[in-house]
file upload_33.cif (mmCIF, C-alpha atoms)
data_input
loop_
_atom_site.label_atom_id
_atom_site.label_comp_id
_atom_site.auth_asym_id
_atom_site.auth_seq_id
_atom_site.Cartn_x
_atom_site.Cartn_y
_atom_site.Cartn_z
CA MET A 1 -33.23 -4.20 5.58
CA GLY A 2 -31.30 -7.00 7.28
CA SER A 3 -27.94 -8.10 5.93
CA ASN A 4 -29.51 -11.24 4.48
CA GLY A 5 -31.50 -9.07 2.12
CA LEU A 6 -28.33 -7.43 0.88
CA LEU A 7 -26.21 -10.53 0.38
CA ALA A 8 -26.33 -13.19 -2.33
CA ARG A 9 -28.69 -16.04 -1.49
CA ARG A 10 -26.31 -18.62 -2.91
CA VAL A 11 -23.55 -17.54 -0.50
CA ILE A 12 -25.89 -17.35 2.48
CA ALA A 13 -27.04 -20.88 1.64
CA THR A 14 -23.44 -22.14 1.47
CA GLU A 15 -22.23 -24.16 4.44
CA ALA A 16 -19.92 -22.35 6.85
CA PRO A 17 -16.34 -23.62 6.29
CA VAL A 18 -15.71 -26.29 8.89
CA MET A 19 -12.00 -25.46 9.18
CA VAL A 20 -12.83 -21.89 10.21
CA GLN A 21 -15.09 -23.28 12.92
CA ILE A 22 -12.41 -25.75 13.98
CA GLN A 23 -9.78 -23.02 14.20
CA LYS A 24 -12.11 -21.20 16.58
CA VAL A 25 -12.38 -24.37 18.68
CA ILE A 26 -8.58 -24.62 18.78
CA ARG A 27 -8.22 -20.98 19.87
CA GLU A 28 -10.77 -21.45 22.64
CA SER A 29 -9.20 -24.69 23.93
CA LYS A 30 -6.12 -24.26 26.06
CA ASP A 31 -3.10 -26.18 24.71
CA ALA A 32 -5.22 -28.28 22.34
CA VAL A 33 -3.36 -30.48 19.84
CA SER A 34 -4.85 -30.76 16.36
CA LEU A 35 -5.56 -33.95 14.45
CA ALA A 36 -8.03 -31.94 12.39
CA GLN A 37 -6.62 -30.04 9.43
CA GLY A 38 -5.48 -31.93 6.36
CA VAL A 39 -1.83 -30.90 6.37
CA VAL A 40 1.57 -32.59 6.44
CA TYR A 41 4.32 -31.83 8.91
CA TRP A 42 7.14 -31.42 6.39
CA GLN A 43 8.27 -28.40 4.41
CA PRO A 44 9.15 -28.31 0.70
CA PRO A 45 12.49 -29.83 -0.35
CA LYS A 46 15.38 -27.82 1.05
CA GLN A 47 17.15 -27.69 -2.32
CA ALA A 48 14.02 -26.24 -3.93
CA LEU A 49 13.69 -23.57 -1.23
CA GLU A 50 17.34 -22.61 -1.65
CA LYS A 51 16.82 -22.14 -5.39
CA VAL A 52 13.75 -19.97 -4.82
CA LYS A 53 15.69 -17.71 -2.45
CA GLU A 54 17.92 -16.77 -5.37
CA LEU A 55 14.91 -15.56 -7.38
CA ILE A 56 13.61 -12.94 -4.94
CA TRP A 57 15.16 -10.00 -6.81
CA GLU A 58 14.30 -11.30 -10.28
CA PRO A 59 11.84 -8.72 -11.78
CA SER A 60 9.61 -11.36 -13.39
CA ILE A 61 8.74 -12.74 -9.95
CA SER A 62 6.79 -9.54 -9.21
CA ARG A 63 4.95 -9.42 -12.52
CA TYR A 64 1.93 -11.24 -13.87
CA GLY A 65 2.67 -14.50 -15.61
CA ALA A 66 0.75 -16.49 -18.20
CA ASP A 67 -2.75 -17.26 -16.92
CA GLU A 68 -2.39 -20.98 -17.55
CA GLY A 69 0.94 -21.19 -15.71
CA LEU A 70 4.68 -20.82 -16.21
CA PRO A 71 5.63 -22.51 -19.50
CA GLU A 72 8.51 -24.31 -17.78
CA LEU A 73 6.22 -25.69 -15.08
CA ARG A 74 3.49 -26.70 -17.50
CA GLU A 75 6.01 -28.54 -19.66
CA ALA A 76 7.30 -30.40 -16.62
CA LEU A 77 3.75 -31.24 -15.54
CA ILE A 78 2.86 -32.64 -18.95
CA THR A 79 5.88 -34.94 -18.64
CA LYS A 80 4.86 -35.85 -15.10
CA ILE A 81 1.24 -36.76 -15.88
CA ARG A 82 2.37 -38.84 -18.86
CA ASN A 83 5.04 -40.75 -16.97
CA GLU A 84 3.35 -41.09 -13.58
CA ASN A 85 -0.38 -40.88 -14.25
CA ASN A 86 -0.64 -42.38 -17.76
CA LEU A 87 -2.44 -39.27 -19.03
CA HIS A 88 -1.41 -38.73 -22.66
CA LYS A 89 -4.30 -36.67 -24.06
CA SER A 90 -4.55 -33.99 -21.40
CA SER A 91 -3.58 -30.31 -21.26
CA VAL A 92 -2.54 -28.55 -18.06
CA MET A 93 -3.51 -25.36 -16.24
CA VAL A 94 -1.75 -24.27 -13.03
CA THR A 95 -4.01 -22.94 -10.27
CA ALA A 96 -3.68 -21.46 -6.79
CA GLY A 97 -4.24 -24.82 -5.13
CA ALA A 98 -6.61 -27.71 -5.79
CA ASN A 99 -9.60 -25.94 -4.25
CA GLN A 100 -9.30 -23.12 -6.75
CA ALA A 101 -8.89 -25.71 -9.49
CA PHE A 102 -12.20 -27.25 -8.46
CA VAL A 103 -13.99 -23.88 -8.49
CA ASN A 104 -12.56 -23.22 -11.96
CA ILE A 105 -14.00 -26.51 -13.17
CA VAL A 106 -17.43 -25.98 -11.62
CA LEU A 107 -17.71 -22.50 -13.13
CA THR A 108 -16.60 -23.85 -16.52
CA LEU A 109 -18.87 -26.90 -16.62
CA CYS A 110 -21.94 -26.14 -14.51
CA ASP A 111 -24.82 -23.69 -14.74
CA PRO A 112 -26.88 -22.59 -11.72
CA GLY A 113 -29.50 -25.21 -11.00
CA ASP A 114 -27.57 -28.04 -12.64
CA SER A 115 -27.55 -31.44 -10.98
CA VAL A 116 -24.28 -32.94 -9.69
CA VAL A 117 -23.35 -36.13 -7.85
CA MET A 118 -21.00 -36.65 -4.89
CA PHE A 119 -20.52 -39.62 -2.59
CA ALA A 120 -20.75 -39.59 1.19
CA PRO A 121 -18.60 -38.94 3.04
CA TYR A 122 -17.78 -36.09 0.67
CA TYR A 123 -15.07 -33.43 0.70
CA PHE A 124 -16.67 -30.42 2.36
CA ASN A 125 -14.94 -27.76 0.23
CA ALA A 126 -16.16 -29.39 -2.98
CA PHE A 127 -19.70 -29.36 -1.58
CA MET A 128 -19.33 -25.65 -0.76
CA SER A 129 -18.00 -24.92 -4.25
CA PHE A 130 -21.21 -26.25 -5.75
CA GLN A 131 -23.36 -24.30 -3.31
CA MET A 132 -21.66 -20.94 -3.78
CA THR A 133 -21.77 -21.17 -7.58
CA GLY A 134 -25.51 -21.82 -7.61
CA VAL A 135 -25.49 -25.58 -8.18
CA THR A 136 -28.39 -26.35 -5.88
CA ASP A 137 -29.25 -29.93 -6.90
CA ILE A 138 -26.44 -31.79 -5.14
CA ILE A 139 -27.19 -35.52 -5.13
CA VAL A 140 -25.24 -37.37 -2.45
CA GLY A 141 -24.72 -41.02 -3.24
CA PRO A 142 -23.88 -43.81 -0.79
CA GLY A 143 -20.57 -45.44 -0.16
CA ASP A 144 -20.18 -49.14 0.51
CA PRO A 145 -20.70 -49.58 4.29
CA ASP A 146 -17.66 -51.82 4.59
CA THR A 147 -15.17 -50.09 2.27
CA LEU A 148 -16.66 -46.60 1.74
CA TYR A 149 -16.04 -47.08 -2.00
CA PRO A 150 -18.51 -45.15 -4.19
CA ASP A 151 -21.51 -47.33 -5.03
CA ALA A 152 -21.23 -47.79 -8.81
CA GLU A 153 -24.50 -49.73 -9.10
CA TRP A 154 -26.37 -46.90 -7.38
CA LEU A 155 -24.63 -44.40 -9.70
CA GLU A 156 -25.67 -46.32 -12.80
CA ARG A 157 -29.29 -46.37 -11.66
CA LYS A 158 -29.25 -42.70 -10.69
CA LEU A 159 -27.77 -41.57 -14.00
CA LYS A 160 -30.53 -43.40 -15.84
CA GLU A 161 -33.17 -41.63 -13.73
CA SER A 162 -31.72 -38.13 -13.96
CA LYS A 163 -29.21 -36.23 -16.06
CA PRO A 164 -26.54 -34.74 -13.78
CA LYS A 165 -23.94 -32.54 -15.39
CA LEU A 166 -21.05 -33.83 -13.30
CA VAL A 167 -19.95 -36.60 -10.95
CA THR A 168 -16.99 -36.03 -8.63
CA VAL A 169 -14.81 -38.28 -6.46
CA VAL A 170 -11.64 -37.84 -4.42
CA ASN A 171 -9.05 -40.61 -4.85
CA PRO A 172 -7.58 -41.43 -2.35
CA GLY A 173 -10.43 -40.09 -0.29
CA ASN A 174 -10.88 -37.00 1.80
CA PRO A 175 -12.36 -37.41 4.41
CA SER A 176 -12.58 -41.19 4.16
CA GLY A 177 -8.90 -42.15 3.85
CA THR A 178 -9.93 -44.92 1.44
CA TYR A 179 -9.03 -45.27 -2.21
CA ILE A 180 -10.89 -46.29 -5.36
CA PRO A 181 -9.39 -49.41 -6.98
CA GLN A 182 -8.64 -49.04 -10.68
CA PRO A 183 -11.41 -51.41 -11.90
CA LEU A 184 -14.00 -49.47 -9.91
CA LEU A 185 -12.66 -46.11 -11.10
CA MET A 186 -12.84 -47.32 -14.70
CA LYS A 187 -16.38 -48.56 -14.13
CA ILE A 188 -17.44 -45.17 -12.74
CA SER A 189 -15.77 -43.53 -15.74
CA ASP A 190 -17.67 -45.76 -18.18
CA ILE A 191 -20.97 -45.10 -16.41
CA CYS A 192 -20.40 -41.34 -16.68
CA LYS A 193 -19.37 -41.58 -20.32
CA ASN A 194 -22.43 -43.62 -21.24
CA ALA A 195 -24.68 -41.16 -19.43
CA GLY A 196 -23.05 -38.15 -21.10
CA CYS A 197 -21.84 -36.48 -17.92
CA TRP A 198 -18.48 -35.25 -16.70
CA LEU A 199 -16.30 -37.08 -14.17
CA VAL A 200 -14.05 -34.88 -12.04
CA VAL A 201 -11.39 -36.74 -10.04
CA ASP A 202 -9.42 -35.04 -7.27
CA ASN A 203 -6.01 -36.75 -7.05
CA THR A 204 -4.55 -34.50 -4.33
CA TYR A 205 -3.33 -37.52 -2.34
CA GLU A 206 -1.97 -39.52 -5.29
CA TYR A 207 1.33 -40.29 -3.50
CA PHE A 208 -0.31 -41.14 -0.17
CA MET A 209 -0.88 -44.85 -0.64
CA TYR A 210 0.04 -47.53 1.91
CA SER A 211 0.56 -51.29 2.16
CA GLY A 212 1.69 -51.58 -1.45
CA LEU A 213 -1.49 -50.11 -2.94
CA LYS A 214 -1.13 -48.20 -6.21
CA HIS A 215 -2.85 -45.01 -7.30
CA SER A 216 -4.31 -44.85 -10.79
CA CYS A 217 -5.89 -42.23 -13.04
CA VAL A 218 -8.43 -42.42 -15.85
CA GLU A 219 -8.50 -40.27 -18.97
CA GLY A 220 -11.12 -39.38 -21.54
CA ASN A 221 -12.97 -36.53 -23.19
CA HIS A 222 -15.46 -36.57 -20.30
CA ILE A 223 -12.83 -36.59 -17.51
CA VAL A 224 -11.05 -33.77 -15.67
CA ASN A 225 -8.27 -34.59 -13.18
CA ILE A 226 -7.12 -32.33 -10.35
CA PHE A 227 -3.69 -32.48 -8.68
CA SER A 228 -1.95 -30.53 -5.94
CA PHE A 229 1.50 -29.68 -4.62
CA SER A 230 0.13 -28.80 -1.17
CA LYS A 231 0.38 -32.13 0.62
CA ALA A 232 2.97 -34.01 -1.43
CA TYR A 233 5.62 -31.29 -1.25
CA GLY A 234 4.51 -29.59 1.97
CA MET A 235 3.46 -26.50 0.00
CA MET A 236 0.11 -25.79 1.72
CA GLY A 237 0.81 -22.07 2.12
CA TRP A 238 2.37 -21.65 -1.33
CA ARG A 239 -0.93 -22.51 -3.05
CA VAL A 240 -0.17 -24.46 -6.21
CA GLY A 241 -2.40 -27.03 -7.85
CA TYR A 242 -3.19 -27.95 -11.44
CA ILE A 243 -5.92 -29.19 -13.72
CA ALA A 244 -5.39 -31.88 -16.36
CA TYR A 245 -8.26 -31.42 -18.80
CA PRO A 246 -9.04 -33.23 -22.08
CA SER A 247 -7.12 -31.78 -25.03
CA GLY A 248 -9.66 -33.26 -27.41
CA VAL A 249 -12.61 -31.18 -26.17
CA GLU A 250 -12.81 -28.12 -28.38
CA ASP A 251 -12.82 -24.77 -26.56
CA PHE A 252 -12.47 -26.32 -23.07
CA GLY A 253 -9.17 -24.57 -22.41
CA ALA A 254 -10.41 -21.21 -23.73
CA GLN A 255 -13.46 -21.27 -21.45
CA LEU A 256 -11.39 -22.42 -18.47
CA LEU A 257 -9.03 -19.52 -19.13
CA LYS A 258 -11.87 -17.00 -18.71
CA VAL A 259 -12.48 -18.24 -15.18
CA GLN A 260 -8.77 -18.35 -14.37
CA ASP A 261 -8.22 -14.78 -15.52
CA ASN A 262 -10.97 -13.51 -13.24
CA ILE A 263 -9.99 -15.36 -10.08
CA PRO A 264 -6.19 -15.44 -9.61
CA ILE A 265 -5.07 -14.27 -13.10
CA CYS A 266 -2.22 -16.68 -12.41
CA ALA A 267 -0.90 -18.62 -9.46
CA ALA A 268 1.87 -16.77 -7.58
CA ILE A 269 4.98 -16.78 -9.75
CA ILE A 270 7.43 -17.55 -6.95
CA SER A 271 5.19 -20.42 -5.83
CA GLN A 272 5.20 -21.86 -9.35
CA TRP A 273 9.00 -21.79 -9.43
CA LEU A 274 9.09 -23.60 -6.09
CA ALA A 275 6.69 -26.16 -7.54
CA LEU A 276 8.97 -26.68 -10.53
CA TYR A 277 12.09 -27.05 -8.39
CA SER A 278 10.24 -29.44 -6.07
CA LEU A 279 9.03 -31.48 -9.02
CA GLU A 280 12.66 -31.87 -10.11
CA MET A 281 13.28 -33.84 -6.90
CA GLY A 282 11.09 -36.59 -8.34
CA PRO A 283 8.33 -38.70 -6.81
CA GLY A 284 10.88 -40.59 -4.73
CA TRP A 285 11.32 -37.55 -2.49
CA VAL A 286 7.61 -37.53 -1.74
CA THR A 287 7.29 -41.26 -1.14
CA GLU A 288 10.12 -41.08 1.40
CA GLN A 289 8.16 -38.48 3.36
CA VAL A 290 4.94 -40.47 3.09
CA LYS A 291 6.66 -43.56 4.52
CA THR A 292 7.11 -41.66 7.78
CA LEU A 293 3.33 -41.39 8.14
CA VAL A 294 2.82 -45.15 8.46
CA LYS A 295 3.87 -45.02 12.12
CA ASN A 296 1.59 -42.02 12.70
CA ARG A 297 -1.31 -43.91 11.16
CA ASP A 298 -0.73 -46.91 13.41
CA ILE A 299 -0.53 -44.66 16.48
CA VAL A 300 -3.82 -42.95 15.67
CA LEU A 301 -5.45 -46.25 14.69
CA ASP A 302 -4.60 -47.58 18.13
CA ALA A 303 -6.08 -44.44 19.72
CA LEU A 304 -9.36 -45.17 17.91
CA SER A 305 -9.46 -48.79 19.11
CA PRO A 306 -11.88 -48.07 22.01
CA LEU A 307 -14.55 -47.53 19.36
CA GLY A 308 -14.15 -51.09 18.12
CA LYS A 309 -12.68 -52.39 14.88
CA ASP A 310 -15.92 -52.15 12.94
CA ALA A 311 -16.25 -48.44 13.75
CA VAL A 312 -13.03 -47.40 11.97
CA ARG A 313 -12.46 -47.15 8.24
CA GLY A 314 -9.83 -45.63 5.95
CA GLY A 315 -6.09 -45.41 6.26
CA GLU A 316 -5.43 -47.17 2.93
CA GLY A 317 -4.61 -43.81 1.41
CA ALA A 318 -4.50 -40.05 2.02
CA ILE A 319 -3.84 -38.92 5.62
CA TYR A 320 -7.14 -39.74 7.29
CA LEU A 321 -8.97 -42.27 9.39
CA TRP A 322 -12.75 -42.23 9.52
CA ALA A 323 -14.58 -43.38 12.64
CA LYS A 324 -18.16 -43.82 13.85
CA LEU A 325 -18.86 -42.32 17.26
CA PRO A 326 -20.76 -44.21 19.99
CA ILE A 327 -23.38 -41.49 20.42
CA ASN A 328 -27.13 -41.28 20.30
CA GLU A 329 -28.85 -39.60 17.37
CA ASP A 330 -29.78 -36.64 19.55
CA VAL A 331 -26.09 -35.88 20.24
CA GLU A 332 -24.38 -33.79 17.56
CA ASP A 333 -20.91 -34.87 16.47
CA PHE A 334 -19.72 -31.25 16.60
CA GLU A 335 -20.57 -31.24 20.31
CA VAL A 336 -18.35 -34.30 20.71
CA VAL A 337 -15.57 -32.45 18.86
CA ARG A 338 -15.93 -29.44 21.17
CA TRP A 339 -15.98 -31.71 24.21
CA LEU A 340 -12.83 -33.55 23.11
CA ALA A 341 -11.09 -30.20 22.61
CA ARG A 342 -12.29 -28.66 25.85
CA LYS A 343 -11.85 -31.62 28.19
CA HIS A 344 -9.13 -33.68 26.52
CA GLY A 345 -7.14 -31.15 24.50
CA VAL A 346 -7.39 -32.82 21.10
CA VAL A 347 -9.21 -31.60 17.99
CA VAL A 348 -10.73 -33.59 15.12
CA ILE A 349 -13.27 -32.89 12.33
CA PRO A 350 -16.99 -33.70 12.72
CA GLY A 351 -18.40 -36.07 10.12
CA SER A 352 -21.50 -33.91 9.66
CA ALA A 353 -19.31 -31.50 7.64
CA SER A 354 -18.98 -34.32 5.09
CA GLY A 355 -22.61 -35.41 5.06
CA CYS A 356 -22.20 -38.17 7.67
CA PRO A 357 -23.32 -37.09 11.15
CA GLY A 358 -22.12 -39.20 14.03
CA HIS A 359 -18.59 -39.68 12.65
CA ILE A 360 -15.20 -37.99 12.92
CA ARG A 361 -12.29 -37.48 10.53
CA VAL A 362 -8.88 -37.83 12.13
CA SER A 363 -5.74 -36.65 10.31
CA PHE A 364 -2.39 -38.35 10.97
CA GLY A 365 -0.30 -36.19 8.63
CA GLY A 366 0.25 -32.90 10.42
CA LEU A 367 2.44 -33.84 13.39
CA VAL A 368 5.81 -35.49 13.88
CA GLU A 369 5.70 -38.87 15.64
CA LYS A 370 6.29 -37.50 19.15
CA ASP A 371 3.44 -35.00 18.91
CA THR A 372 1.21 -37.57 17.23
CA ARG A 373 1.68 -39.82 20.24
CA LEU A 374 0.69 -36.96 22.55
CA ALA A 375 -2.44 -36.17 20.54
CA ALA A 376 -3.35 -39.83 20.15
CA GLY A 377 -3.05 -40.42 23.88
CA ARG A 378 -5.49 -37.62 24.53
CA LEU A 379 -7.86 -38.89 21.86
CA ARG A 380 -7.82 -42.43 23.24
CA LYS A 381 -8.58 -41.20 26.75
CA GLY A 382 -11.47 -39.11 25.49
CA LEU A 383 -12.94 -41.93 23.41
CA GLU A 384 -12.65 -44.39 26.30
CA GLU A 385 -14.65 -41.97 28.42
CA LEU A 386 -17.16 -41.47 25.64
CA VAL A 387 -17.65 -45.20 25.13
CA LYS A 388 -18.14 -45.72 28.86
CA ALA A 389 -20.65 -42.91 29.14
CA GLY A 390 -22.42 -43.41 25.84
CA ILE A 391 -23.18 -39.71 25.72
CA VAL A 392 -21.29 -36.43 25.99
CA GLU A 393 -21.19 -34.82 29.41
#
call {"tool": "encode", "arguments": {"input": "upload_33.cif", "output": "C-alpha cells"}}
result
Amino acid sequence: MGSNGLLARRVIATEAPVMVQIQKVIRESKDAVSLAQGVVYWQPPKQALEKVKELIWEPSISRYGADEGLPELREALITKIRNENNLHKSSVMVTAGANQAFVNIVLTLCDPGDSVVMFAPYYFNAFMSFQMTGVTDIIVGPGDPDTLYPDAEWLERKLKESKPKLVTVVNPGNPSGTYIPQPLLMKISDICKNAGCWLVVDNTYEYFMYSGLKHSCVEGNHIVNIFSFSKAYGMMGWRVGYIAYPSGVEDFGAQLLKVQDNIPICAAIISQWLALYSLEMGPGWVTEQVKTLVKNRDIVLDALSPLGKDAVRGGEGAIYLWAKLPINEDVEDFEVVRWLARKHGVVVIPGSASGCPGHIRVSFGGLVEKDTRLAAGRLRKGLEELVKAGIVE
C-alpha cells in the first residue's frame, strides 16, 4: 500500500506550506535576499528581554500554566482590548501565535464539510487550516479590483444563497497590504449577523497602519477577533497570540478550552511573561518601530514601478505590497519567483499561494533600510528584465 493509503485524506489534500517551499528556494539560491516571509527586523523591547532573563531559574517557568493563559497577561490583555480596540464584551485566551489561534477557532466552530468564506487574495495559512480540519467547502469571494477590499455586495448575495458557518478576513490584509475601512467592516459584520454566521477577524497587523489611517475592530456575539505579538513586538519565534471571543456566548470558552488543552496545553510560560513585559511598554513603542518601515515601503514601491502603477496595490497597512506580474497565463508565478531568486538573488511570495495566480507578495518589514535597498535593487532589475521580455527565460 502506498503512503497515500496510510495517511489522512484531509492532510494529503491540504496545500503544501508556501513558506517551506520558499525556504527551499532561498537555500538553493546563492546569496539570495528575502522579501518573502512576513517578519519584522526588530527584536522585542530590550527592557522586556532583560526582565525575562531574571526569570530563567524561577520554577514556575518550567511548569504547565493555565490553559487559557497567565492570569497577569490575560488581565493586561483585557485592559488592552478595551482601551485600544474598543472591545468591552470579550474574553481572552492566549495561544501559541495567531496561526494556532485560528486553528483553535476553526476546530471550535466548524464541522467537517461545513462551508466557509474567504476573500482573494487570502492568507494561505488560514486556507490550509480549513483544509486540514476537513472544511472542504471553501468559498473564495472577490476583492474590489481597485482597492482589494472584500466585496460586501457579493457576500450579501452569497450568504442568501448558501449558509456558510464562518466568514474570515485579515485586517490589515495579508497578503494584500490593504485595510478594511470601519464602515465596510461594520457592513460585513452586519451581513454575517443577519445571515447567522460567524465573522473571524485576524488583527495581527493592527499597529501597521500608514498615512494617518486608523485600525478598528468590531464586536458582537457572532464575532471572534485574533491578535498577535509576533510582528508588533518582534516576537515571531516566541509564539504568542490571543483570541478575543464573545463573553455572551454560553459555553464558547469551555469548548475552546478543549481544543487548547489538546494542542499546546498552554503557550510557553516564558514567552507569555515576555509578552506581558512587552505590553507594558505600551503601543507607542510599537508605533515607533512601524514608522521606520515607511521608508522601506517607499523603497520597495519604487522597485515595483517597472510593472506600472496600476499593477501595484497595498501598502496602506501591514508589511506587504501586492503586484500583478506581466506574464502570460501559461507562465506560473512560482516559476517567476524561482527565476528571480536564481538569476537576481531576491525572493518573494507567489500570488498563487493566496488564490491569485500571476501576482507576487512583497514584504518590506524584515530588513533594515540598507538591506532593503539591496533587495529592492535586485527586484527592480529582475522586473525590468521581465517586463522587457514578457516571459520568463
call {"tool": "closest_residue", "arguments": {"input": "upload_33.cif", "among": "A:Thr133, A:Thr372, A:Ser211, A:Ser247", "to": "Ile78 (chain A)", "atoms": "only C-alpha atoms"}}
result
A:Ser247
call {"tool": "closest_residue", "arguments": {"input": "upload_33.cif", "among": "A:Glu316, A:Glu280, A:Asp302, A:Glu161", "to": "Tyr205 (chain A)", "atoms": "only C-alpha atoms"}}
result
A:Glu316
call {"tool": "closest_atom_pairs", "arguments": {"input": "upload_33.cif", "of": "region 17-90 of chain A", "to": "region 338-355 of chain A", "cutoff": "10 Å", "atoms": "all atoms listed in the file", "output": "Markdown table"}}
result
| residue | atom | partner | partner_atom | distance |
| --- | --- | --- | --- | --- |
| A:Pro17 | CA | A:Ala353 | CA | 8.5 |
| A:Val18 | CA | A:Ala353 | CA | 6.5 |
| A:Met19 | CA | A:Ile349 | CA | 8.2 |
| A:Gln21 | CA | A:Ile349 | CA | 9.8 |
| A:Ile22 | CA | A:Ile349 | CA | 7.4 |
| A:Gln23 | CA | A:Val347 | CA | 9.4 |
| A:Val25 | CA | A:Arg338 | CA | 6.7 |
| A:Ile26 | CA | A:Val347 | CA | 7.1 |
| A:Glu28 | CA | A:Arg342 | CA | 8.0 |
| A:Ser29 | CA | A:Arg342 | CA | 5.4 |
| A:Lys30 | CA | A:Gly345 | CA | 7.1 |
| A:Asp31 | CA | A:Gly345 | CA | 6.4 |
| A:Ala32 | CA | A:Gly345 | CA | 4.1 |
| A:Val33 | CA | A:Val346 | CA | 4.8 |
| A:Ser34 | CA | A:Val347 | CA | 4.7 |
| A:Leu35 | CA | A:Val348 | CA | 5.2 |
| A:Ala36 | CA | A:Val348 | CA | 4.2 |
| A:Gln37 | CA | A:Ile349 | CA | 7.8 |
| A:Gly38 | CA | A:Ile349 | CA | 9.9 |
call {"tool": "closest_residue", "arguments": {"input": "upload_33.cif", "among": "A:Val337, A:Val40, A:Ala303, A:Cys110", "to": "Met236 (chain A)", "atoms": "all atoms listed in the file"}}
result
A:Val40
call {"tool": "resolve_selection", "arguments": {"input": "upload_33.cif", "expression": "the PyMOL selection byres ((chain A and resi 156) around 10)", "output": "ChimeraX atom specification"}}
result
/A:151-155,157-161,187-188,190-192,194-195
call {"tool": "residues_around", "arguments": {"input": "upload_33.cif", "residues": "Glu288 (chain A)", "least_positions_apart": "2", "cutoff": "12 Å", "atoms": "all atoms listed in the file", "output": "compact mmCIF listing (two decimals) with C-alpha atoms, in the frame of the given file"}}
result
# COMPACT_ATOMS: atom_id res chain seq x y z
CA TRP A 42 7.14 -31.42 6.39
CA PRO A 45 12.49 -29.83 -0.35
CA TYR A 207 1.33 -40.29 -3.50
CA PHE A 208 -0.31 -41.14 -0.17
CA MET A 209 -0.88 -44.85 -0.64
CA TYR A 210 0.04 -47.53 1.91
CA ALA A 232 2.97 -34.01 -1.43
CA TYR A 233 5.62 -31.29 -1.25
CA MET A 281 13.28 -33.84 -6.90
CA GLY A 282 11.09 -36.59 -8.34
CA PRO A 283 8.33 -38.70 -6.81
CA GLY A 284 10.88 -40.59 -4.73
CA TRP A 285 11.32 -37.55 -2.49
CA VAL A 286 7.61 -37.53 -1.74
CA VAL A 290 4.94 -40.47 3.09
CA LYS A 291 6.66 -43.56 4.52
CA THR A 292 7.11 -41.66 7.78
CA LEU A 293 3.33 -41.39 8.14
CA VAL A 294 2.82 -45.15 8.46
call {"tool": "resolve_selection", "arguments": {"input": "upload_33.cif", "expression": "the PyMOL selection byres ((chain A and resi 137-144) around 7)", "output": "ChimeraX atom specification"}}
result
/A:113-120,135-136,145-151
call {"tool": "resolve_selection", "arguments": {"input": "upload_33.cif", "expression": "the PyMOL selection byres ((chain A and resi 57-74) around 12)", "output": "ChimeraX atom specification"}}
result
/A:52-56,75-81,90-96,101,104,240-244,253-280
call {"tool": "closest_residue", "arguments": {"input": "upload_33.cif", "among": "A:Val312, A:Leu367, A:Val39, A:Leu307", "to": "Glu385 (chain A)", "atoms": "only C-alpha atoms"}}
result
A:Leu307
call {"tool": "closest_residue", "arguments": {"input": "upload_33.cif", "among": "A:Leu379, A:Val20, A:Met132, A:Ile299", "to": "Val106 (chain A)", "atoms": "all atoms listed in the file"}}
result
A:Met132
call {"tool": "axis_aligned_box", "arguments": {"input": "upload_33.cif", "around": "region 214-226 of chain A", "padding_each_side": "4 Å", "output": "AutoDock Vina command-line options"}}
result
--center_x -8.3 --center_y -40.3 --center_z -14.7 --size_x 22.3 --size_y 23.9 --size_z 25.0
call {"tool": "atom_distance", "arguments": {"input": "upload_33.cif", "atom1": "CA of Gly237 (chain A)", "atom2": "CA of Asn99 (chain A)"}}
result
12.8 Å
call {"tool": "atom_distance", "arguments": {"input": "upload_33.cif", "atom1": "CA of Pro306 (chain A)", "atom2": "CA of Glu384 (chain A)"}}
result
5.7 Å
call {"tool": "closest_residue", "arguments": {"input": "upload_33.cif", "among": "A:Val336, A:Val218, A:Asp251, A:Trp238", "to": "His88 (chain A)", "atoms": "only C-alpha atoms"}}
result
A:Val218
call {"tool": "atom_distance", "arguments": {"input": "upload_33.cif", "atom1": "CA of Val368 (chain A)", "atom2": "CA of Ser230 (chain A)"}}
result
17.4 Å
